[in-house]
Amino acid sequence: MAGHTRWLFTRDQLSNTPSIKNGFTEEKESTIRQQAADLIQKMGQKMQLNQLCMNTAIVYMHRFYMFHSLQKFPFKRMAAACIFLAAKVEEQPKKIELVIRTYNYINHRTEDGGRPPELDVRSQEYFEKGQELVINENILLQTLGVCALWCNGIYCAMTCGLIHVAILPNHF
């Protein structure tokens, strides 16, 4: 798909996503995508991002899963990458430390609803989570391509159709 049609999907394409091809039902995929959107919303609110930034991250997530399976890329980890990237694109960048701490806070609550223990920024676990976040952000970037970064409302499709970007082979 080229230009603005890259992000327009037919009903058949929406019914044959990589996740569905891997055995998910449409209902299960829809439920998981909603959970991912909810996680992005919670993380964005906790990180004090504006609604446009959270919406951009949700769009990135939905677009990503049109090309990749939920089975291969767990939604919680990709949701964090989507919000990390969207914050940069929407000029509200957040430090990787805040994204990791927010992700940990929301996803690792104790059974009684209490806060999880704080991650030590010098720990191996923190280092691995940081690496994973950056790797997932890079996969997201490669999947979305350059035009996805200009997703400001209704002009996204028009902008992508008007700008011709030379893309190196094997990068996108």
# chains A, B, ... in the order shown; residues from 1 in each chain; ligands from 1
>>> residues_around(residues="region 116-129 of chain A", least_positions_apart="4", cutoff="12 Å", atoms="only C-alpha atoms", output="count of residues only")
24
>>> residues_around(residues="Ile58 (chain A)", least_positions_apart="5", cutoff="12 Å", atoms="only C-alpha atoms", output="PyMOL selection string")
chain A and resi 33-44+51-53+63-65+75+78-87+151
>>> atom_distance(atom1="CA of Asn138 (chain A)", atom2="CA of Thr25 (chain A)")
28.0 Å
>>> closest_residue(among="A:Leu144, A:Val89, A:Met54, A:Ile32", to="Phe67 (chain A)", atoms="only C-alpha atoms")
A:Leu144
>>> closest_residue(among="A:Asp12, A:Gln45, A:Phe24, A:Lys94", to="Ser69 (chain A)", atoms="only C-alpha atoms")
A:Phe24
>>> select_by_dssp(residues="region 5-149 of chain A", states="helix (DSSP H, G or I)", output="ChimeraX atom specification")
/A:5-7,11-14,18-21,26-46,51-64,75-89,96-107,124-144,146-149
>>> atom_distance(atom1="CA of Leu70 (chain A)", atom2="CA of Gly23 (chain A)")
10.4 Å
>>> atom_distance(atom1="CA of Gln13 (chain A)", atom2="CA of Glu132 (chain A)")
29.2 Å
